Amino acid sequence: MKKILLILLTSIFVISCFDSSDKSKTIEITNKSNEYNDEKISDELKIIWEAYEILAEEYIDKENLNPENLAEEAIKGMLNSLNDPYTSYVPPETFKIDQESFMGHFGGIGANVEDSPDNNGILITKPMPNTPAENSGIKSGDRIIRINGEDSTKMTLLEAVNKIRGEKGTPVTLTIKRIGVETELDITIIRDIIDTPSVDSYEVPDTDFVRIVISQFTAKTHDEIIKIIDKHTDENIKGFILDLRGNPGGLLSSTVNVASLFIDEGLITYEITSDGNREEWNVRKTKDYKNLPIVTLVDRYSASGSEVLAGALQDHKRSIIIGEKTFGKGSVNMMSSLSNEGGIYVTIGRWYTPNGRLIEKLGIEPDLIIENKLLSELNAYDKDFVDLQLNAAITQLNFEIRN
């Protein structure tokens with residue numbers, strides 16, 4: 001049985017497959033589509049099939065019935081009745097994309113796309129540097145009207161992305177309309193592996209510090225952080241600021257591996273499952289930065305994996321946490337694939353910090369609470385924005401290094 005586990009903020013976040021023996025998973029993927037028969041369906045649930053039979057036989061416009069839509073809406077209704085925002089349905093058109101994103105790479109052409117403003121095709125906003133899209137002559141502003149000859153003006157963005165993506169070495173032909181060019185252009189692109197980094201780094205001006213921004217936890221996050229730290233320590237950088245602000249989570253295995261870089265030994269997090277059992281995730285050493293000065297930034301949008309990391313660093317007294325109280329998404333989710341190539345997320349447990357603090361709905365309280373000033377009506381920073389949280393992290397690092 002194929003399984004997958006991860007921690008995530010919403011049901012649209014991506015998942016990635018691991019062997020079922022990997023104990024570091026937080027969302028479990030199973031395939032139940034071939035396990036059910038009439039004998040396994042409880043009497044209470046038989047009314048769903050009975051209702052459909054009545055519609056199929058008696059509904060006045062039964063020729064317009066769409067069994068696929070009816071089935072999907074029945075699932076949504078069932079899950080919505082639980083009032084659990086993390087137990088939800090994943091439609092087929094997003095399932096494949098969900099699987100790829102947390103891997104840190106996907107097979108495709110390497111271009112950012114969005115819906116065309118006039119709802120007439122898929123707009124390429126920017127080809128990524130040194131990718132098949134750029135190398136094939138794709139330009140910003142190109143509008144995709146056909147994909148392998150199929151009209152894309154009637155596709156959703158997710159449907160189009162699924163058709164453009166594919167295995168490395170395989171071709172995809174895009175028919176585009178380009179501004180200033182009267183004729184349509186057919187461009188055949190050979191797909192390649194497109195990397196999607198989850199970590200960026202920025203040298204902090206007038207300091208010996210580097211800010212490491214972790215946007216999510218993918219299969220590559222651990223290696224990306226090691227590469228950044230080793231590069232900058234060779235340049236005599238003295239401290240690092242782990243920036244988890246806006247990080248919605250990701251793979252638990254990645255979160256545990258990242259925490260293990262900075263924590264010497266012991267527990268990173270544990271889970272209480274739906275049957276009351278406790279499962280623990282301990283430090284897994286690959287490289288040791290236990291003596292490296294670090295400070296961690298969080299905000300109200302830091303969720304799931306970023307809360308697990310912040311809570312572990314805090315409980316082990318490894319890093320001062322600065323910023324705002326975090327989101328409070330500490331549930332464990334199982335994802336089961338369905339026969340329509342979609343799936344469902346189901347909450348099956350809760351996460352706790354090493355010292356036993358529940359994350360779900362409570363979040364992580366920073367050691368130093370500092371709120372950046374926002375334009376309240378826009379929920380955005382103004383042009384004169386001063387990052388008070390970053391300034392506090394600099395002050396804290398200076399203090400730690402001097403002492």
# chains A, B, ... in the order shown; residues from 1 in each chain; ligands from 1
$ select_by_dssp --residues "region 17-183 of chain A" --states "alpha helix (DSSP H)" --output "PyMOL selection string"
chain A and resi 46-58+67-80+92-101+132-135+157-164
$ write_last_selection --atoms "C-alpha atoms" --output "PDB file, in the first residue's frame"
ATOM      1  CA  LYS A  46     -26.500   2.911   1.490  1.00  0.00           C
ATOM      2  CA  ILE A  47     -28.881   5.865   1.230  1.00  0.00           C
ATOM      3  CA  ILE A  48     -26.284   7.665  -0.904  1.00  0.00           C
ATOM      4  CA  TRP A  49     -26.481   4.986  -3.587  1.00  0.00           C
ATOM      5  CA  GLU A  50     -30.262   4.745  -3.176  1.00  0.00           C
ATOM      6  CA  ALA A  51     -30.611   8.491  -3.742  1.00  0.00           C
ATOM      7  CA  TYR A  52     -28.558   8.270  -6.931  1.00  0.00           C
ATOM      8  CA  GLU A  53     -30.664   5.363  -8.234  1.00  0.00           C
ATOM      9  CA  ILE A  54     -33.831   7.403  -7.678  1.00  0.00           C
ATOM     10  CA  LEU A  55     -32.331  10.352  -9.574  1.00  0.00           C
ATOM     11  CA  ALA A  56     -31.134   8.133 -12.417  1.00  0.00           C
ATOM     12  CA  GLU A  57     -34.572   6.560 -12.816  1.00  0.00           C
ATOM     13  CA  GLU A  58     -36.995   9.357 -11.989  1.00  0.00           C
ATOM     14  CA  PRO A  67     -22.438  11.048 -12.026  1.00  0.00           C
ATOM     15  CA  GLU A  68     -18.905  12.380 -11.582  1.00  0.00           C
ATOM     16  CA  ASN A  69     -20.125  15.761 -10.367  1.00  0.00           C
ATOM     17  CA  LEU A  70     -22.730  14.155  -8.133  1.00  0.00           C
ATOM     18  CA  ALA A  71     -20.107  11.902  -6.534  1.00  0.00           C
ATOM     19  CA  GLU A  72     -17.696  14.793  -5.935  1.00  0.00           C
ATOM     20  CA  GLU A  73     -20.410  16.972  -4.386  1.00  0.00           C
ATOM     21  CA  ALA A  74     -21.495  14.090  -2.139  1.00  0.00           C
ATOM     22  CA  ILE A  75     -17.918  13.726  -0.876  1.00  0.00           C
ATOM     23  CA  LYS A  76     -17.619  17.485  -0.299  1.00  0.00           C
ATOM     24  CA  GLY A  77     -20.884  17.514   1.638  1.00  0.00           C
ATOM     25  CA  MET A  78     -19.793  14.589   3.781  1.00  0.00           C
ATOM     26  CA  LEU A  79     -16.464  16.237   4.655  1.00  0.00           C
ATOM     27  CA  ASN A  80     -17.928  19.716   5.137  1.00  0.00           C
ATOM     28  CA  PRO A  92      -8.222  15.181  -9.829  1.00  0.00           C
ATOM     29  CA  GLU A  93      -6.999  18.297 -11.617  1.00  0.00           C
ATOM     30  CA  THR A  94      -5.012  19.384  -8.538  1.00  0.00           C
ATOM     31  CA  PHE A  95      -3.910  15.980  -7.254  1.00  0.00           C
ATOM     32  CA  LYS A  96      -0.920  15.586  -9.567  1.00  0.00           C
ATOM     33  CA  ILE A  97       0.284  19.142  -8.923  1.00  0.00           C
ATOM     34  CA  ASP A  98      -0.141  18.547  -5.176  1.00  0.00           C
ATOM     35  CA  GLN A  99       2.082  15.484  -5.417  1.00  0.00           C
ATOM     36  CA  GLU A 100       4.878  17.324  -7.211  1.00  0.00           C
ATOM     37  CA  SER A 101       5.257  20.591  -5.350  1.00  0.00           C
ATOM     38  CA  PRO A 132      13.236  24.742 -21.760  1.00  0.00           C
ATOM     39  CA  ALA A 133      10.610  27.502 -21.997  1.00  0.00           C
ATOM     40  CA  GLU A 134      13.188  30.283 -22.202  1.00  0.00           C
ATOM     41  CA  ASN A 135      15.514  28.283 -24.446  1.00  0.00           C
ATOM     42  CA  LEU A 157      -5.431  27.041 -15.149  1.00  0.00           C
ATOM     43  CA  LEU A 158      -4.859  23.789 -13.248  1.00  0.00           C
ATOM     44  CA  GLU A 159      -6.011  21.696 -16.199  1.00  0.00           C
ATOM     45  CA  ALA A 160      -3.599  23.542 -18.478  1.00  0.00           C
ATOM     46  CA  VAL A 161      -0.687  23.174 -16.057  1.00  0.00           C
ATOM     47  CA  ASN A 162      -1.326  19.432 -15.780  1.00  0.00           C
ATOM     48  CA  LYS A 163      -1.191  19.098 -19.569  1.00  0.00           C
ATOM     49  CA  ILE A 164       1.949  21.206 -19.916  1.00  0.00           C
TER      50      ILE A 164
END
$ residues_around --residues "Val199 (chain A)" --least-positions-apart "3" --cutoff "8 Å" --atoms "only C-alpha atoms" --output "list of chain:residue names"
A:Ile212, A:Val213, A:Ile214, A:Ser215, A:Gln216, A:Thr221, A:Glu224, A:Ile225
$ residues_around --residues "region 117-128 of chain A" --least-positions-apart "4" --cutoff "10 Å" --atoms "only C-alpha atoms" --output "PDB file with C-alpha atoms, in the first residue's frame"
ATOM      1  CA  ILE A 109       8.913  23.582 -19.249  1.00  0.00           C
ATOM      2  CA  GLY A 110       9.703  26.183 -16.566  1.00  0.00           C
ATOM      3  CA  ALA A 111       7.319  29.101 -17.009  1.00  0.00           C
ATOM      4  CA  ASN A 112       5.088  31.046 -14.650  1.00  0.00           C
ATOM      5  CA  VAL A 113       1.510  31.165 -15.928  1.00  0.00           C
ATOM      6  CA  PRO A 132      13.236  24.742 -21.760  1.00  0.00           C
ATOM      7  CA  ALA A 133      10.610  27.502 -21.997  1.00  0.00           C
ATOM      8  CA  GLU A 134      13.188  30.283 -22.202  1.00  0.00           C
ATOM      9  CA  ASN A 135      15.514  28.283 -24.446  1.00  0.00           C
ATOM     10  CA  SER A 136      12.636  27.558 -26.862  1.00  0.00           C
ATOM     11  CA  GLY A 137      11.854  31.249 -27.298  1.00  0.00           C
ATOM     12  CA  ILE A 138       8.814  31.553 -25.013  1.00  0.00           C
ATOM     13  CA  LYS A 139       8.352  35.192 -23.937  1.00  0.00           C
ATOM     14  CA  SER A 140       6.488  37.042 -21.206  1.00  0.00           C
ATOM     15  CA  GLY A 141       3.048  37.997 -22.479  1.00  0.00           C
ATOM     16  CA  ASP A 142       2.675  34.989 -24.785  1.00  0.00           C
ATOM     17  CA  ARG A 143      -0.846  33.572 -24.625  1.00  0.00           C
ATOM     18  CA  ILE A 144      -1.265  29.796 -24.924  1.00  0.00           C
ATOM     19  CA  ILE A 145      -4.355  28.983 -26.967  1.00  0.00           C
ATOM     20  CA  ARG A 146      -3.687  25.288 -27.642  1.00  0.00           C
ATOM     21  CA  ASP A 151      -8.062  24.198 -27.130  1.00  0.00           C
ATOM     22  CA  SER A 152      -6.712  25.680 -23.891  1.00  0.00           C
ATOM     23  CA  THR A 153      -9.028  28.714 -23.878  1.00  0.00           C
ATOM     24  CA  LYS A 154     -11.689  26.508 -22.294  1.00  0.00           C
ATOM     25  CA  MET A 155      -9.337  24.928 -19.723  1.00  0.00           C
ATOM     26  CA  THR A 156      -8.925  25.947 -16.125  1.00  0.00           C
ATOM     27  CA  LEU A 157      -5.431  27.041 -15.149  1.00  0.00           C
ATOM     28  CA  ALA A 160      -3.599  23.542 -18.478  1.00  0.00           C
ATOM     29  CA  VAL A 161      -0.687  23.174 -16.057  1.00  0.00           C
ATOM     30  CA  ILE A 176       0.651  30.780 -28.781  1.00  0.00           C
ATOM     31  CA  LYS A 177      -0.445  34.249 -29.746  1.00  0.00           C
ATOM     32  CA  ILE A 194      12.440  22.141 -13.120  1.00  0.00           C
TER      33      ILE A 194
END
$ closest_residue --among "A:Tyr345, A:Phe327, A:Tyr289, A:Tyr352" --to "Pro85 (chain A)" --atoms "only C-alpha atoms"
A:Tyr345
$ closest_residue --among "A:Ser304, A:Val295, A:Gly266, A:Gly149" --to "Asn282 (chain A)" --atoms "only C-alpha atoms"
A:Gly266
$ residues_around --residues "Phe399 (chain A)" --least-positions-apart "5" --cutoff "12 Å" --atoms "only C-alpha atoms" --output "short mmCIF file (atom, residue, chain, number, x, y, z; two decimals) with N, CA and C atoms, in the first residue's frame"
data_model
loop_
_atom_site.label_atom_id
_atom_site.label_comp_id
_atom_site.auth_asym_id
_atom_site.auth_seq_id
_atom_site.Cartn_x
_atom_site.Cartn_y
_atom_site.Cartn_z
N GLY A 239 26.48 34.70 12.24
CA GLY A 239 25.18 34.28 12.76
C GLY A 239 24.12 34.25 11.67
N PRO A 293 25.25 30.46 16.12
CA PRO A 293 24.26 31.41 16.62
C PRO A 293 23.09 31.60 15.64
N ILE A 294 21.88 31.37 16.13
CA ILE A 294 20.69 31.55 15.29
C ILE A 294 19.59 32.24 16.10
N VAL A 295 18.75 32.99 15.40
CA VAL A 295 17.52 33.56 15.93
C VAL A 295 16.43 33.25 14.91
N ILE A 320 16.06 31.88 20.26
CA ILE A 320 15.02 32.81 20.66
C ILE A 320 14.06 32.97 19.48
N ALA A 392 14.95 43.38 15.61
CA ALA A 392 15.05 42.73 16.92
C ALA A 392 15.94 41.49 16.84
N ALA A 393 15.84 40.75 15.73
CA ALA A 393 16.69 39.57 15.56
C ALA A 393 18.16 39.96 15.49
N ILE A 394 18.46 41.06 14.81
CA ILE A 394 19.84 41.54 14.74
C ILE A 394 20.36 41.90 16.13
#
$ select_by_dssp --residues "region 92-138 of chain A" --states "strand (DSSP E)" --output "list of chain:residue names"
A:His105, A:Phe106, A:Gly107, A:Gly108, A:Ala111, A:Asn112, A:Val113, A:Glu114, A:Asp115, A:Ile122, A:Leu123, A:Ile124, A:Thr125, A:Lys126, A:Pro127
$ write_last_selection --atoms "N, CA and C atoms" --output "short mmCIF file (atom, residue, chain, number, x, y, z; two decimals), in the first residue's frame"
data_model
loop_
_atom_site.label_atom_id
_atom_site.label_comp_id
_atom_site.auth_asym_id
_atom_site.auth_seq_id
_atom_site.Cartn_x
_atom_site.Cartn_y
_atom_site.Cartn_z
N HIS A 105 10.90 19.78 -7.08
CA HIS A 105 11.11 19.81 -8.53
C HIS A 105 9.92 19.16 -9.22
N PHE A 106 9.80 19.39 -10.51
CA PHE A 106 8.75 18.74 -11.30
C PHE A 106 9.20 18.68 -12.75
N GLY A 107 8.56 17.82 -13.51
CA GLY A 107 8.84 17.73 -14.94
C GLY A 107 7.96 18.71 -15.69
N GLY A 108 8.59 19.62 -16.45
CA GLY A 108 7.80 20.62 -17.17
C GLY A 108 8.67 21.48 -18.05
N ALA A 111 7.90 27.78 -16.73
CA ALA A 111 7.32 29.10 -17.01
C ALA A 111 6.22 29.38 -16.00
N ASN A 112 6.17 30.62 -15.52
CA ASN A 112 5.09 31.05 -14.65
C ASN A 112 3.88 31.43 -15.50
N VAL A 113 2.70 30.92 -15.13
CA VAL A 113 1.51 31.17 -15.93
C VAL A 113 0.36 31.62 -15.04
N GLU A 114 -0.61 32.27 -15.67
CA GLU A 114 -1.83 32.67 -14.97
C GLU A 114 -2.95 32.73 -15.99
N ASP A 115 -4.19 32.83 -15.50
CA ASP A 115 -5.32 32.98 -16.41
C ASP A 115 -5.19 34.27 -17.19
N ILE A 122 -4.18 30.86 -21.65
CA ILE A 122 -3.31 30.88 -20.48
C ILE A 122 -2.14 31.83 -20.77
N LEU A 123 -1.94 32.79 -19.88
CA LEU A 123 -0.93 33.82 -20.10
C LEU A 123 0.39 33.42 -19.44
N ILE A 124 1.46 33.51 -20.19
CA ILE A 124 2.80 33.28 -19.63
C ILE A 124 3.30 34.60 -19.06
N THR A 125 3.48 34.64 -17.75
CA THR A 125 3.94 35.88 -17.11
C THR A 125 5.45 35.99 -17.15
N LYS A 126 6.14 34.84 -17.08
CA LYS A 126 7.60 34.89 -17.14
C LYS A 126 8.17 33.50 -17.32
N PRO A 127 8.99 33.29 -18.35
CA PRO A 127 9.74 32.03 -18.42
C PRO A 127 10.89 32.06 -17.42
#
$ residues_around --residues "Thr255 (chain A)" --least-positions-apart "5" --cutoff "9 Å" --atoms "only C-alpha atoms" --output "VMD selection string"
chain A and resid 217 to 218 221 to 222 249 to 250 260 305 to 306 308 to 309
$ residues_around --residues "His232 (chain A)" --least-positions-apart "5" --cutoff "10 Å" --atoms "only C-alpha atoms" --output "PyMOL selection string"
chain A and resi 201+203+208-210+227+237-240
$ decode --residues "region 234-283 of chain A" --atoms "N, CA and C atoms" --output "compact mmCIF listing (two decimals), in the first residue's frame"
# COMPACT_ATOMS: atom_id res chain seq x y z
N ASP A 234 32.06 29.92 5.49
CA ASP A 234 33.37 30.04 4.85
C ASP A 234 33.73 31.50 4.60
N GLU A 235 32.69 32.36 4.55
CA GLU A 235 32.91 33.79 4.32
C GLU A 235 32.93 34.57 5.64
N ASN A 236 33.06 33.83 6.75
CA ASN A 236 33.16 34.43 8.09
C ASN A 236 31.88 35.11 8.55
N ILE A 237 30.73 34.64 8.04
CA ILE A 237 29.45 35.09 8.60
C ILE A 237 29.32 34.49 10.00
N LYS A 238 28.90 35.30 10.96
CA LYS A 238 28.93 34.89 12.37
C LYS A 238 27.60 34.39 12.92
N GLY A 239 26.48 34.70 12.24
CA GLY A 239 25.18 34.28 12.76
C GLY A 239 24.12 34.25 11.67
N PHE A 240 23.03 33.53 11.94
CA PHE A 240 21.99 33.36 10.94
C PHE A 240 20.61 33.63 11.55
N ILE A 241 19.75 34.20 10.75
CA ILE A 241 18.37 34.45 11.14
C ILE A 241 17.49 33.52 10.31
N LEU A 242 16.82 32.58 10.98
CA LEU A 242 15.90 31.67 10.29
C LEU A 242 14.56 32.38 10.16
N ASP A 243 14.15 32.69 8.95
CA ASP A 243 12.92 33.44 8.71
C ASP A 243 11.82 32.48 8.26
N LEU A 244 10.89 32.19 9.18
CA LEU A 244 9.78 31.28 8.90
C LEU A 244 8.48 32.04 8.69
N ARG A 245 8.56 33.33 8.52
CA ARG A 245 7.34 34.13 8.36
C ARG A 245 6.64 33.78 7.05
N GLY A 246 5.34 33.51 7.15
CA GLY A 246 4.56 33.14 5.97
C GLY A 246 4.75 31.71 5.50
N ASN A 247 5.55 30.93 6.21
CA ASN A 247 5.82 29.54 5.82
C ASN A 247 4.62 28.67 6.21
N PRO A 248 3.93 28.03 5.23
CA PRO A 248 2.72 27.27 5.54
C PRO A 248 2.97 25.83 5.97
N GLY A 249 4.24 25.37 5.91
CA GLY A 249 4.52 24.01 6.33
C GLY A 249 5.11 23.19 5.20
N GLY A 250 4.76 21.92 5.15
CA GLY A 250 5.29 21.03 4.12
C GLY A 250 5.52 19.64 4.67
N LEU A 251 6.63 19.03 4.26
CA LEU A 251 6.93 17.67 4.66
C LEU A 251 7.48 17.62 6.08
N LEU A 252 6.93 16.75 6.89
CA LEU A 252 7.45 16.61 8.25
C LEU A 252 8.87 16.06 8.25
N SER A 253 9.17 15.13 7.36
CA SER A 253 10.53 14.58 7.29
C SER A 253 11.53 15.70 7.07
N SER A 254 11.18 16.66 6.22
CA SER A 254 12.05 17.80 5.97
C SER A 254 12.17 18.67 7.21
N THR A 255 11.04 18.92 7.89
CA THR A 255 11.05 19.72 9.11
C THR A 255 11.94 19.11 10.17
N VAL A 256 11.83 17.81 10.37
CA VAL A 256 12.65 17.11 11.36
C VAL A 256 14.12 17.19 10.98
N ASN A 257 14.43 17.02 9.70
CA ASN A 257 15.82 17.09 9.26
C ASN A 257 16.42 18.48 9.47
N VAL A 258 15.62 19.51 9.21
CA VAL A 258 16.10 20.88 9.41
C VAL A 258 16.33 21.13 10.89
N ALA A 259 15.37 20.75 11.74
CA ALA A 259 15.53 20.94 13.18
C ALA A 259 16.77 20.20 13.70
N SER A 260 17.04 19.04 13.13
CA SER A 260 18.17 18.22 13.57
C SER A 260 19.51 18.87 13.28
N LEU A 261 19.55 19.81 12.35
CA LEU A 261 20.80 20.52 12.07
C LEU A 261 21.23 21.38 13.25
N PHE A 262 20.25 21.86 14.02
CA PHE A 262 20.53 22.84 15.06
C PHE A 262 20.37 22.31 16.48
N ILE A 263 19.71 21.17 16.64
CA ILE A 263 19.45 20.60 17.96
C ILE A 263 20.35 19.39 18.15
N ASP A 264 20.99 19.29 19.30
CA ASP A 264 22.00 18.27 19.53
C ASP A 264 21.42 16.87 19.56
N GLU A 265 20.38 16.67 20.38
CA GLU A 265 19.78 15.35 20.51
C GLU A 265 18.40 15.48 21.14
N GLY A 266 17.64 14.38 21.08
CA GLY A 266 16.34 14.37 21.74
C GLY A 266 15.17 14.46 20.79
N LEU A 267 14.05 14.86 21.36
CA LEU A 267 12.77 14.85 20.66
C LEU A 267 12.57 16.14 19.87
N ILE A 268 12.06 16.00 18.63
CA ILE A 268 11.69 17.17 17.82
C ILE A 268 10.19 17.45 17.96
N THR A 269 9.39 16.41 17.87
CA THR A 269 7.94 16.55 18.03
C THR A 269 7.36 15.17 18.27
N TYR A 270 6.12 15.13 18.76
CA TYR A 270 5.42 13.86 18.84
C TYR A 270 3.96 14.05 18.46
N GLU A 271 3.34 12.95 18.09
CA GLU A 271 1.95 12.94 17.62
C GLU A 271 1.10 12.06 18.52
N ILE A 272 -0.08 12.54 18.87
CA ILE A 272 -1.09 11.70 19.50
C ILE A 272 -2.11 11.35 18.43
N THR A 273 -2.21 10.07 18.10
CA THR A 273 -3.05 9.63 16.99
C THR A 273 -4.51 9.50 17.42
N SER A 274 -5.36 9.21 16.45
CA SER A 274 -6.80 9.10 16.72
C SER A 274 -7.12 7.95 17.66
N ASP A 275 -6.24 6.95 17.75
CA ASP A 275 -6.48 5.83 18.69
C ASP A 275 -5.74 6.02 20.01
N GLY A 276 -5.19 7.23 20.23
CA GLY A 276 -4.57 7.53 21.50
C GLY A 276 -3.11 7.16 21.63
N ASN A 277 -2.51 6.61 20.58
CA ASN A 277 -1.10 6.23 20.64
C ASN A 277 -0.21 7.46 20.47
N ARG A 278 1.01 7.35 20.96
CA ARG A 278 2.00 8.42 20.82
C ARG A 278 3.12 7.96 19.90
N GLU A 279 3.40 8.77 18.87
CA GLU A 279 4.51 8.50 17.96
C GLU A 279 5.50 9.65 18.05
N GLU A 280 6.79 9.32 18.15
CA GLU A 280 7.81 10.34 18.37
C GLU A 280 8.74 10.47 17.17
N TRP A 281 9.22 11.70 16.95
CA TRP A 281 10.21 11.99 15.92
C TRP A 281 11.40 12.65 16.60
N ASN A 282 12.53 11.96 16.60
CA ASN A 282 13.72 12.41 17.29
C ASN A 282 14.74 13.00 16.32
N VAL A 283 15.77 13.63 16.90
CA VAL A 283 16.84 14.22 16.10
C VAL A 283 17.47 13.15 15.21
